[in-house]
>>> print(open('query_15.csv').read())   # CSV, C-alpha atoms
chain,number,residue,atom,x,y,z
O,1262,MET,CA,38.6,-89.3,-40.5
O,1263,LYS,CA,41.9,-88.8,-38.7
O,1264,LYS,CA,43.4,-87.2,-41.8
O,1265,SER,CA,40.5,-84.8,-42.1
O,1266,LEU,CA,40.8,-83.7,-38.5
O,1267,SER,CA,44.6,-83.3,-38.8
O,1268,LEU,CA,44.1,-81.1,-41.9
O,1269,LEU,CA,41.4,-79.0,-40.0
O,1270,PHE,CA,43.7,-78.4,-37.0
O,1271,ALA,CA,46.6,-77.5,-39.3
O,1272,CYS,CA,44.4,-74.9,-41.1
O,1273,ILE,CA,43.3,-73.4,-37.8
O,1274,PHE,CA,46.9,-73.2,-36.6
O,1275,VAL,CA,48.0,-71.4,-39.8
O,1276,PHE,CA,45.1,-68.9,-39.7
O,1277,SER,CA,45.9,-68.2,-36.0
O,1278,LEU,CA,49.4,-67.1,-37.1
O,1279,ILE,CA,48.2,-65.1,-40.1
O,1280,ILE,CA,45.4,-63.1,-38.5
O,1281,PRO,CA,47.4,-61.4,-35.7
O,1282,ALA,CA,50.2,-60.6,-38.2
O,1283,ARG,CA,47.6,-59.0,-40.5
O,1284,ALA,CA,46.1,-57.0,-37.6
O,1285,LYS,CA,49.5,-55.6,-36.8
O,1286,ALA,CA,50.1,-54.6,-40.4
O,1287,ASP,CA,46.9,-52.6,-40.5
O,1288,VAL,CA,47.8,-50.1,-37.8
O,1289,VAL,CA,46.7,-46.6,-38.7
O,1290,LEU,CA,47.2,-43.4,-36.7
O,1291,GLU,CA,44.7,-40.6,-36.8
O,1292,ILE,CA,43.1,-37.9,-34.7
O,1293,GLY,CA,42.6,-39.3,-31.3
O,1294,SER,CA,45.4,-41.9,-31.5
O,1295,ARG,CA,47.9,-41.9,-28.6
O,1296,GLY,CA,51.0,-43.8,-27.6
O,1297,GLU,CA,54.5,-44.8,-28.6
O,1298,ASN,CA,53.7,-44.9,-32.3
O,1299,VAL,CA,52.4,-41.4,-32.3
O,1300,THR,CA,55.5,-40.2,-30.4
O,1301,LYS,CA,57.8,-41.8,-33.1
O,1302,VAL,CA,55.9,-40.1,-35.9
O,1303,GLN,CA,56.0,-36.7,-34.2
O,1304,LYS,CA,59.7,-37.0,-33.5
O,1305,ARG,CA,60.3,-37.7,-37.2
O,1306,LEU,CA,58.1,-34.8,-38.3
O,1307,ILE,CA,60.0,-32.5,-35.9
O,1308,GLN,CA,63.3,-33.8,-37.3
O,1309,TYR,CA,62.2,-33.1,-40.9
O,1310,GLY,CA,60.8,-29.7,-40.1
O,1311,TYR,CA,57.1,-30.4,-40.5
O,1312,LEU,CA,56.2,-30.1,-36.8
O,1313,THR,CA,57.2,-27.8,-34.0
O,1314,GLY,CA,57.1,-28.3,-30.3
O,1315,THR,CA,57.5,-31.6,-28.4
O,1316,ALA,CA,56.5,-35.2,-29.2
O,1317,ASP,CA,53.7,-35.7,-26.6
O,1318,GLY,CA,52.2,-38.9,-28.1
O,1319,LYS,CA,48.8,-37.3,-28.7
O,1320,TYR,CA,47.6,-37.2,-32.3
O,1321,GLY,CA,45.8,-33.9,-32.5
O,1322,GLU,CA,45.0,-31.3,-35.1
O,1323,LYS,CA,48.6,-30.0,-35.2
O,1324,THR,CA,50.0,-33.4,-35.9
O,1325,ARG,CA,47.4,-34.1,-38.5
O,1326,SER,CA,48.3,-30.9,-40.3
O,1327,ALA,CA,52.0,-31.8,-40.2
O,1328,VAL,CA,51.2,-35.2,-41.6
O,1329,GLU,CA,49.1,-33.7,-44.4
O,1330,TRP,CA,52.0,-31.3,-45.3
O,1331,PHE,CA,54.5,-34.2,-45.3
O,1332,GLN,CA,52.1,-36.3,-47.5
O,1333,ARG,CA,51.6,-33.4,-49.9
O,1334,ARG,CA,55.4,-32.8,-50.3
O,1335,ASN,CA,56.1,-36.4,-50.8
O,1336,GLY,CA,53.5,-37.4,-53.4
O,1337,LEU,CA,51.4,-39.4,-50.9
O,1338,ALA,CA,47.6,-39.5,-50.6
O,1339,VAL,CA,46.7,-36.5,-48.4
O,1340,ASP,CA,44.4,-37.8,-45.7
O,1341,GLY,CA,46.2,-36.7,-42.5
O,1342,ARG,CA,46.5,-40.3,-41.3
O,1343,VAL,CA,49.6,-42.4,-40.9
O,1344,GLY,CA,49.3,-45.8,-42.4
O,1345,LYS,CA,51.8,-48.2,-43.9
O,1346,LYS,CA,52.9,-46.0,-46.8
O,1347,THR,CA,53.2,-42.7,-44.9
O,1348,ALA,CA,55.0,-44.5,-42.0
O,1349,ALA,CA,57.5,-46.0,-44.5
O,1350,ALA,CA,58.1,-42.6,-46.1
O,1351,LEU,CA,58.8,-41.2,-42.6
O,1352,GLY,CA,61.1,-44.1,-41.9
O,1353,VAL,CA,58.9,-45.2,-39.0
O,1354,THR,CA,57.8,-48.7,-38.1
O,1355,LEU,CA,54.4,-48.9,-36.5
O,1356,THR,CA,54.1,-51.6,-33.9
O,1357,GLY,CA,50.9,-53.5,-32.8
O,1358,GLY,CA,50.7,-51.6,-29.5
O,1359,GLN,CA,48.7,-48.7,-31.1
O,1360,THR,CA,45.7,-49.0,-33.4
O,1361,SER,CA,43.4,-46.6,-35.2
O,1362,SER,CA,41.5,-44.3,-32.9
O,1363,SER,CA,38.3,-45.7,-34.4
O,1364,THR,CA,38.6,-48.6,-31.9
O,1365,SER,CA,37.9,-46.1,-29.1
O,1366,ALA,CA,34.8,-44.6,-30.7
O,1367,SER,CA,32.5,-45.7,-27.9
O,1368,ILE,CA,30.1,-43.8,-25.6
O,1369,VAL,CA,31.5,-43.1,-22.2
O,1370,SER,CA,28.6,-41.3,-20.5
O,1371,SER,CA,25.1,-40.0,-21.1
O,1372,ASP,CA,26.4,-36.5,-21.7
O,1373,HIS,CA,28.8,-37.9,-24.3
O,1374,ARG,CA,26.0,-39.7,-26.0
O,1375,LEU,CA,23.8,-36.6,-26.2
O,1376,LEU,CA,26.6,-34.5,-27.4
O,1377,ALA,CA,27.6,-37.0,-30.1
O,1378,LYS,CA,24.0,-37.1,-31.3
O,1379,LEU,CA,24.0,-33.3,-31.5
O,1380,VAL,CA,27.2,-33.2,-33.4
O,1381,TYR,CA,26.0,-35.8,-35.9
O,1382,ALA,CA,22.7,-34.0,-36.4
O,1383,GLU,CA,24.2,-30.5,-36.7
O,1384,ALA,CA,27.6,-31.0,-38.3
O,1385,ARG,CA,28.1,-34.4,-39.9
O,1386,GLY,CA,29.0,-32.9,-43.2
O,1387,GLU,CA,31.7,-30.8,-41.7
O,1388,SER,CA,35.4,-31.6,-41.2
O,1389,TYR,CA,36.5,-33.3,-38.0
O,1390,LYS,CA,37.7,-30.0,-36.5
O,1391,GLY,CA,34.3,-28.4,-37.5
O,1392,GLN,CA,32.5,-31.2,-35.6
O,1393,VAL,CA,34.6,-30.7,-32.5
O,1394,ALA,CA,33.9,-27.0,-32.8
O,1395,VAL,CA,30.1,-27.5,-32.7
O,1396,ALA,CA,30.5,-29.7,-29.7
O,1397,ALA,CA,32.7,-27.1,-28.0
O,1398,VAL,CA,30.2,-24.3,-28.5
O,1399,THR,CA,27.5,-26.4,-26.8
O,1400,LEU,CA,29.8,-27.1,-23.8
O,1401,ASN,CA,30.7,-23.4,-23.7
O,1402,ARG,CA,27.0,-22.6,-23.3
O,1403,VAL,CA,26.8,-25.0,-20.4
O,1404,ALA,CA,29.6,-23.1,-18.7
O,1405,SER,CA,28.0,-19.7,-19.5
O,1406,SER,CA,25.6,-18.0,-17.0
O,1407,SER,CA,23.5,-17.0,-20.0
O,1408,PHE,CA,22.4,-20.5,-20.7
O,1409,PRO,CA,21.2,-23.6,-18.7
O,1410,ASN,CA,23.9,-25.2,-16.6
O,1411,THR,CA,23.4,-28.7,-17.9
O,1412,LEU,CA,24.1,-30.2,-21.3
O,1413,THR,CA,20.5,-31.5,-21.5
O,1414,GLY,CA,19.2,-28.1,-20.6
O,1415,VAL,CA,21.3,-26.4,-23.3
O,1416,VAL,CA,20.5,-28.9,-26.1
O,1417,TYR,CA,16.8,-28.9,-25.4
O,1418,GLN,CA,16.4,-25.2,-24.7
O,1419,SER,CA,13.5,-23.9,-26.7
O,1420,GLY,CA,14.5,-22.8,-30.2
O,1421,ALA,CA,18.2,-23.4,-29.6
O,1422,TYR,CA,18.9,-26.2,-32.1
O,1423,SER,CA,17.0,-27.0,-35.2
O,1424,CYS,CA,17.9,-30.6,-34.9
O,1425,VAL,CA,15.7,-30.9,-31.8
O,1426,SER,CA,12.8,-29.3,-33.6
O,1427,ASN,CA,13.0,-31.6,-36.7
O,1428,GLY,CA,13.8,-34.7,-34.7
O,1429,SER,CA,17.3,-35.4,-36.2
O,1430,ILE,CA,18.7,-35.2,-32.7
O,1431,ASN,CA,17.4,-38.8,-32.3
O,1432,ASN,CA,19.6,-40.2,-35.2
O,1433,THR,CA,22.4,-42.6,-34.2
O,1434,PRO,CA,25.8,-40.8,-34.4
O,1435,ASP,CA,28.7,-42.3,-36.3
O,1436,SER,CA,32.2,-42.9,-35.0
O,1437,THR,CA,33.5,-39.5,-36.1
O,1438,ALA,CA,30.8,-37.6,-34.2
O,1439,ILE,CA,31.4,-39.8,-31.2
O,1440,LYS,CA,35.1,-39.1,-31.2
O,1441,ALA,CA,34.6,-35.3,-31.9
O,1442,ALA,CA,32.2,-35.1,-28.9
O,1443,LEU,CA,34.8,-36.8,-26.7
O,1444,GLU,CA,37.5,-34.5,-27.9
O,1445,ALA,CA,35.4,-31.5,-26.9
O,1446,LEU,CA,34.6,-33.0,-23.5
O,1447,ASN,CA,38.3,-33.5,-23.0
O,1448,GLY,CA,39.0,-29.8,-23.5
O,1449,TRP,CA,39.6,-29.1,-27.2
O,1450,ASP,CA,37.9,-25.9,-28.3
O,1451,PRO,CA,38.8,-24.8,-31.8
O,1452,THR,CA,36.5,-21.8,-31.4
O,1453,ASN,CA,38.3,-20.2,-28.4
O,1454,GLY,CA,35.2,-19.8,-26.3
O,1455,CYS,CA,32.4,-19.1,-28.8
O,1456,LEU,CA,28.8,-19.4,-27.8
O,1457,TYR,CA,27.2,-19.4,-31.3
O,1458,TYR,CA,27.6,-20.9,-34.7
O,1459,TYR,CA,25.7,-20.6,-37.9
O,1460,ASN,CA,25.9,-21.2,-41.6
O,1461,PRO,CA,25.7,-17.7,-43.2
O,1462,ARG,CA,24.3,-19.2,-46.5
O,1463,LEU,CA,21.4,-20.8,-44.7
O,1464,THR,CA,20.2,-18.2,-42.2
O,1465,ASN,CA,18.5,-14.8,-42.5
O,1466,ASP,CA,18.6,-14.2,-38.7
O,1467,LYS,CA,19.9,-10.6,-38.4
O,1468,TRP,CA,20.6,-11.0,-34.7
O,1469,ILE,CA,22.9,-14.0,-35.1
O,1470,LYS,CA,24.7,-12.3,-38.0
O,1471,SER,CA,25.3,-9.3,-35.8
O,1472,ARG,CA,27.4,-11.3,-33.3
O,1473,PRO,CA,31.2,-10.8,-33.7
O,1474,VAL,CA,32.7,-13.7,-35.7
O,1475,ILE,CA,35.8,-15.1,-34.1
O,1476,THR,CA,36.6,-17.9,-36.5
O,1477,VAL,CA,35.3,-19.7,-39.6
O,1478,ILE,CA,35.5,-23.5,-39.8
O,1479,GLY,CA,34.1,-25.1,-42.9
O,1480,ASN,CA,30.6,-23.8,-43.5
O,1481,HIS,CA,30.1,-22.4,-40.1
O,1482,ASN,CA,30.8,-19.0,-38.6
O,1483,PHE,CA,31.6,-19.1,-34.9
O,1484,ALA,CA,30.7,-16.1,-32.8
O,1485,LYS,CA,30.6,-14.7,-29.3
>>> encode(input="query_15.csv", output="structure tokens")
Amino acid sequence: MKKSLSLLFACIFVFSLIIPARAKADVVLEIGSRGENVTKVQKRLIQYGYLTGTADGKYGEKTRSAVEWFQRRNGLAVDGRVGKKTAAALGVTLTGGQTSSSTSASIVSSDHRLLAKLVYAEARGESYKGQVAVAAVTLNRVASSSFPNTLTGVVYQSGAYSCVSNGSINNTPDSTAIKAALEALNGWDPTNGCLYYYNPRLTNDKWIKSRPVITVIGNHNFAK
């Protein structure tokens, strides 16, 4: 009995050493990540000529694009994320103080929840930037005198969003939609102030197609 207990405690001790070490080895940087690891990656990207500006420790669209460029030029899998292989190619050691931004994919307010549900219903097949853009348009409407002045009012305005009519607004958002909604709430607007978006292949609405298109992101035209 004593031998069995000793063996059990020894196994627990060994696993307690292995698990933290493995968690540190799995650090991944992506859109939304912040901290010292991001700063180190940005400094190396700047040094190698893939990124311009300053290393601010915030992993945004510009940093992701630079990482993708670096990965493409160096025969790495192009996913815009910095894991073990990309970090090694950059000559950077990722420490355990920064984890993937997926750990921060949690709801912070009722408006955040509603916006994430809208993004998931309206744009879950789009790129991350495209999802942020849809969220930004919704927030731009809240700030505009032409629309209701609350997020709930904008989302549930009669005829405004098809996802409200068909009920898909009630689906549970995934982590990407949650992060995209938070990025928009924190001020990222890839549309530069647009109030409308639409998929030109899926709509016959002449009025929406008459609006001046400012940018195209994925399958959506964004207009004012």
>>> closest_residue(input="query_15.csv", among="O:Gln1392, O:Ser1370, O:Asn1335, O:Thr1354", to="O:Ser1436", atoms="only C-alpha atoms")
O:Gln1392
>>> residues_around(input="query_15.csv", residues="stretch 1350-1352 of chain O", least_positions_apart="3", cutoff="7 Å", atoms="all atoms listed in the file", output="ChimeraX atom specification")
/O:1305,1346-1347
>>> closest_residue(input="query_15.csv", among="O:Asn1480, O:Asn1431, O:Asn1401, O:Ser1367", to="O:Glu1387", atoms="all atoms listed in the file")
O:Asn1480
>>> closest_residue(input="query_15.csv", among="O:Ser1326, O:Ser1419, O:Asn1432, O:Gln1308", to="O:Tyr1381", atoms="all atoms listed in the file")
O:Asn1432
>>> closest_residue(input="query_15.csv", among="O:Arg1295, O:Arg1374, O:Lys1304, O:Arg1472", to="O:Tyr1457", atoms="only C-alpha atoms")
O:Arg1472
>>> closest_residue(input="query_15.csv", among="O:Asp1340, O:Asp1466, O:Asp1317, O:Glu1322", to="O:Gln1303", atoms="only C-alpha atoms")
O:Asp1317
>>> closest_residue(input="query_15.csv", among="O:Ala1338, O:Ala1397, O:Leu1312, O:Val1343", to="O:Ala1445", atoms="all atoms listed in the file")
O:Ala1397
>>> atom_distance(input="query_15.csv", atom1="atom CA of O:Thr1452", atom2="atom CA of O:Trp1330")
22.9 Å
>>> atom_distance(input="query_15.csv", atom1="atom CA of O:Ala1404", atom2="atom CA of O:Asn1447")
14.2 Å
>>> atom_distance(input="query_15.csv", atom1="atom CA of O:Ala1377", atom2="atom CA of O:Arg1402")
15.9 Å
>>> residues_around(input="query_15.csv", residues="O:Gly1479", least_positions_apart="2", cutoff="7 Å", atoms="only C-alpha atoms", output="list of chain:residue names")
O:Glu1387, O:Ser1388, O:Gly1391, O:Val1477, O:His1481
>>> residues_around(input="query_15.csv", residues="O:Lys1378", least_positions_apart="2", cutoff="10 Å", atoms="only C-alpha atoms", output="list in words")
Asp1372, His1373, Arg1374, Leu1375, Leu1376, Val1380, Tyr1381, Ala1382, Glu1383, Ala1384, Arg1385, Ala1396, Cys1424, Ser1429, Ile1430, Asn1431, Asn1432, Thr1433, Pro1434, Asp1435, Ala1438, Ile1439 and Ala1442 of chain O
>>> residues_around(input="query_15.csv", residues="O:Val1415", least_positions_apart="4", cutoff="9 Å", atoms="only C-alpha atoms", output="short mmCIF file (atom, residue, chain, number, x, y, z; two decimals) with C-alpha atoms, keeping the file's coordinate frame")
data_model
loop_
_atom_site.label_atom_id
_atom_site.label_comp_id
_atom_site.auth_asym_id
_atom_site.auth_seq_id
_atom_site.Cartn_x
_atom_site.Cartn_y
_atom_site.Cartn_z
CA THR O 1399 27.50 -26.40 -26.80
CA LEU O 1400 29.80 -27.10 -23.80
CA ARG O 1402 27.00 -22.60 -23.30
CA VAL O 1403 26.80 -25.00 -20.40
CA PHE O 1408 22.40 -20.50 -20.70
CA PRO O 1409 21.20 -23.60 -18.70
CA ASN O 1410 23.90 -25.20 -16.60
CA THR O 1411 23.40 -28.70 -17.90
CA SER O 1419 13.50 -23.90 -26.70
CA ALA O 1421 18.20 -23.40 -29.60
#
>>> residues_around(input="query_15.csv", residues="O:Trp1468", least_positions_apart="2", cutoff="12 Å", atoms="all atoms listed in the file", output="VMD selection string")
chain O and resid 1457 1459 1461 1464 to 1466 1470 to 1473 1484 to 1485
